[in-house]
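Below: one structure, written as structure tokens.
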Amino acid sequence: MKTLMFYEMATEGMSKAQANFAAHRARLDEFHARNELLMAGPFANIAEGAMGIFTSRAAAEEFIQGDHFVLNGVVAKWTLREWNEVLAVN
């Protein structure tokens with residue numbers, strides 16, 4: 001089972017994103033290198049937020065707790081959903 005993470009952009013989020021991007025990206029890279037984050041990115045309309053696919057709920061929660069986008073008001077709200085992967089591309 002995977003965990004999907006959804007981020008909703010804060011009203012003032014775009015104005016704060018650039019100042020926090022380097023730390024956010026470093027965290028993405030860290031969790032990806034640990035094989036706990038499979039994919040992540042913003043939606044085509046960035047105002048709609050972003051999503052990530054994690055190998056476990058624990059990894060997603062750990063990521064969120066230290067993510068500078070969450071800590072510094074880029075993200076207004078986050079949601080986690082358990083997902084039963086049926087078809088995977090290798």
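Residue numbering restarts at 1 for every chain of the structure tokens, chains are lettered A, B, ... in their displayed order, and ligands are numbered from 1 as they appear.
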Closest atom pairs, segment 2-59 of chain A residues within 9 Å of segment 64-84 of chain A, only C-alpha atoms, as a tab-separated table:
```
residue	atom	partner	partner_atom	distance
A:Lys2	CA	A:Trp83	CA	5.1
A:Thr3	CA	A:Glu82	CA	4.6
A:Leu4	CA	A:Arg81	CA	5.1
A:Met5	CA	A:Leu80	CA	4.7
A:Phe6	CA	A:Thr79	CA	5.1
A:Tyr7	CA	A:Trp78	CA	4.6
A:Glu8	CA	A:Lys77	CA	5.2
A:Met9	CA	A:Val75	CA	4.7
A:Ala10	CA	A:Ala76	CA	4.2
A:Thr11	CA	A:Ala76	CA	7.6
A:Glu12	CA	A:Val74	CA	7.0
A:Gly13	CA	A:Val74	CA	3.8
A:Met14	CA	A:Val74	CA	6.7
A:Ser15	CA	A:Val74	CA	8.0
A:Lys16	CA	A:Val74	CA	5.7
A:Ala17	CA	A:Val74	CA	5.8
A:Asn20	CA	A:His68	CA	6.0
A:Phe21	CA	A:Phe69	CA	7.5
A:Ala23	CA	A:His68	CA	6.3
A:His24	CA	A:His68	CA	5.5
A:Arg27	CA	A:Asp67	CA	6.8
A:Leu28	CA	A:Asp67	CA	8.8
A:Gly49	CA	A:Val75	CA	8.1
A:Ser56	CA	A:Glu82	CA	8.6
A:Arg57	CA	A:Glu82	CA	7.6
A:Ala59	CA	A:Ile64	CA	8.7
```
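Between atom CA of Arg34 of chain A and atom CA of Glu48 of chain A the interatomic distance comes to 27.6 Å.
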Going by DSSP on the backbone, which bits of chain A are helix (DSSP H, G or I)? Write them as a VMD selection string, please.
chain A and resid 13 to 33 46 to 48 57 to 66 68 to 71
Just want the 7 Å neighbourhood of Leu37 of chain A, counted on only C-alpha atoms, with same-chain residues fewer than 6 positions away dropped. Output as JSON, numbers by chain.
{"A": [31, 53, 54, 55]}
What would the file look like if the residues just selected were written as a PDB file, in the first residue's frame with all heavy atoms?
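The resulting out_35.pdb:
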```
ATOM      1  N   PHE A  31      14.292  12.100   0.821  1.00  0.00           N
ATOM      2  CA  PHE A  31      13.326  11.010   0.931  1.00  0.00           C
ATOM      3  C   PHE A  31      13.331  10.136  -0.324  1.00  0.00           C
ATOM      4  O   PHE A  31      13.108   8.932  -0.239  1.00  0.00           O
ATOM      5  CB  PHE A  31      11.930  11.558   1.241  1.00  0.00           C
ATOM      6  CG  PHE A  31      11.740  11.839   2.701  1.00  0.00           C
ATOM      7  CD1 PHE A  31      12.367  12.921   3.308  1.00  0.00           C
ATOM      8  CD2 PHE A  31      10.956  11.015   3.488  1.00  0.00           C
ATOM      9  CE1 PHE A  31      12.214  13.183   4.651  1.00  0.00           C
ATOM     10  CE2 PHE A  31      10.798  11.256   4.839  1.00  0.00           C
ATOM     11  CZ  PHE A  31      11.431  12.339   5.423  1.00  0.00           C
ATOM     12  N   ILE A  53       3.859  10.655  -3.804  1.00  0.00           N
ATOM     13  CA  ILE A  53       3.544   9.248  -3.566  1.00  0.00           C
ATOM     14  C   ILE A  53       4.658   8.660  -2.706  1.00  0.00           C
ATOM     15  O   ILE A  53       5.821   8.633  -3.115  1.00  0.00           O
ATOM     16  CB  ILE A  53       3.414   8.465  -4.886  1.00  0.00           C
ATOM     17  CG1 ILE A  53       2.347   9.096  -5.773  1.00  0.00           C
ATOM     18  CG2 ILE A  53       3.107   6.991  -4.600  1.00  0.00           C
ATOM     19  CD1 ILE A  53       2.254   8.485  -7.153  1.00  0.00           C
ATOM     20  N   PHE A  54       4.293   8.217  -1.521  1.00  0.00           N
ATOM     21  CA  PHE A  54       5.236   7.675  -0.548  1.00  0.00           C
ATOM     22  C   PHE A  54       5.024   6.177  -0.384  1.00  0.00           C
ATOM     23  O   PHE A  54       3.926   5.662  -0.600  1.00  0.00           O
ATOM     24  CB  PHE A  54       5.054   8.360   0.813  1.00  0.00           C
ATOM     25  CG  PHE A  54       5.534   9.774   0.850  1.00  0.00           C
ATOM     26  CD1 PHE A  54       4.731  10.810   0.411  1.00  0.00           C
ATOM     27  CD2 PHE A  54       6.802  10.077   1.320  1.00  0.00           C
ATOM     28  CE1 PHE A  54       5.171  12.123   0.434  1.00  0.00           C
ATOM     29  CE2 PHE A  54       7.261  11.382   1.348  1.00  0.00           C
ATOM     30  CZ  PHE A  54       6.444  12.403   0.904  1.00  0.00           C
ATOM     31  N   THR A  55       6.065   5.498   0.036  1.00  0.00           N
ATOM     32  CA  THR A  55       5.989   4.053   0.247  1.00  0.00           C
ATOM     33  C   THR A  55       5.249   3.692   1.530  1.00  0.00           C
ATOM     34  O   THR A  55       4.822   2.551   1.685  1.00  0.00           O
ATOM     35  CB  THR A  55       7.388   3.424   0.287  1.00  0.00           C
ATOM     36  OG1 THR A  55       8.150   4.066   1.316  1.00  0.00           O
ATOM     37  CG2 THR A  55       8.093   3.571  -1.052  1.00  0.00           C
TER      38      THR A  55
END
```
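For the choices A:Ala26, A:Met1, A:Leu38, A:Ala19, the atom-to-atom distance to Gly52 of chain A is smallest for A:Leu38 when using only C-alpha atoms.
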Please measure the separation of atom CA of Glu30 of chain A and atom CA of Ala58 of chain A, giving the value in Å to one decimal.
15.0 Å
Taking the DSSP secondary structure from the backbone, can you list the residues of chain A that are strand (DSSP E or B), as a ChimeraX atom specification?
/A:2-9,37-42,50-54,75-83
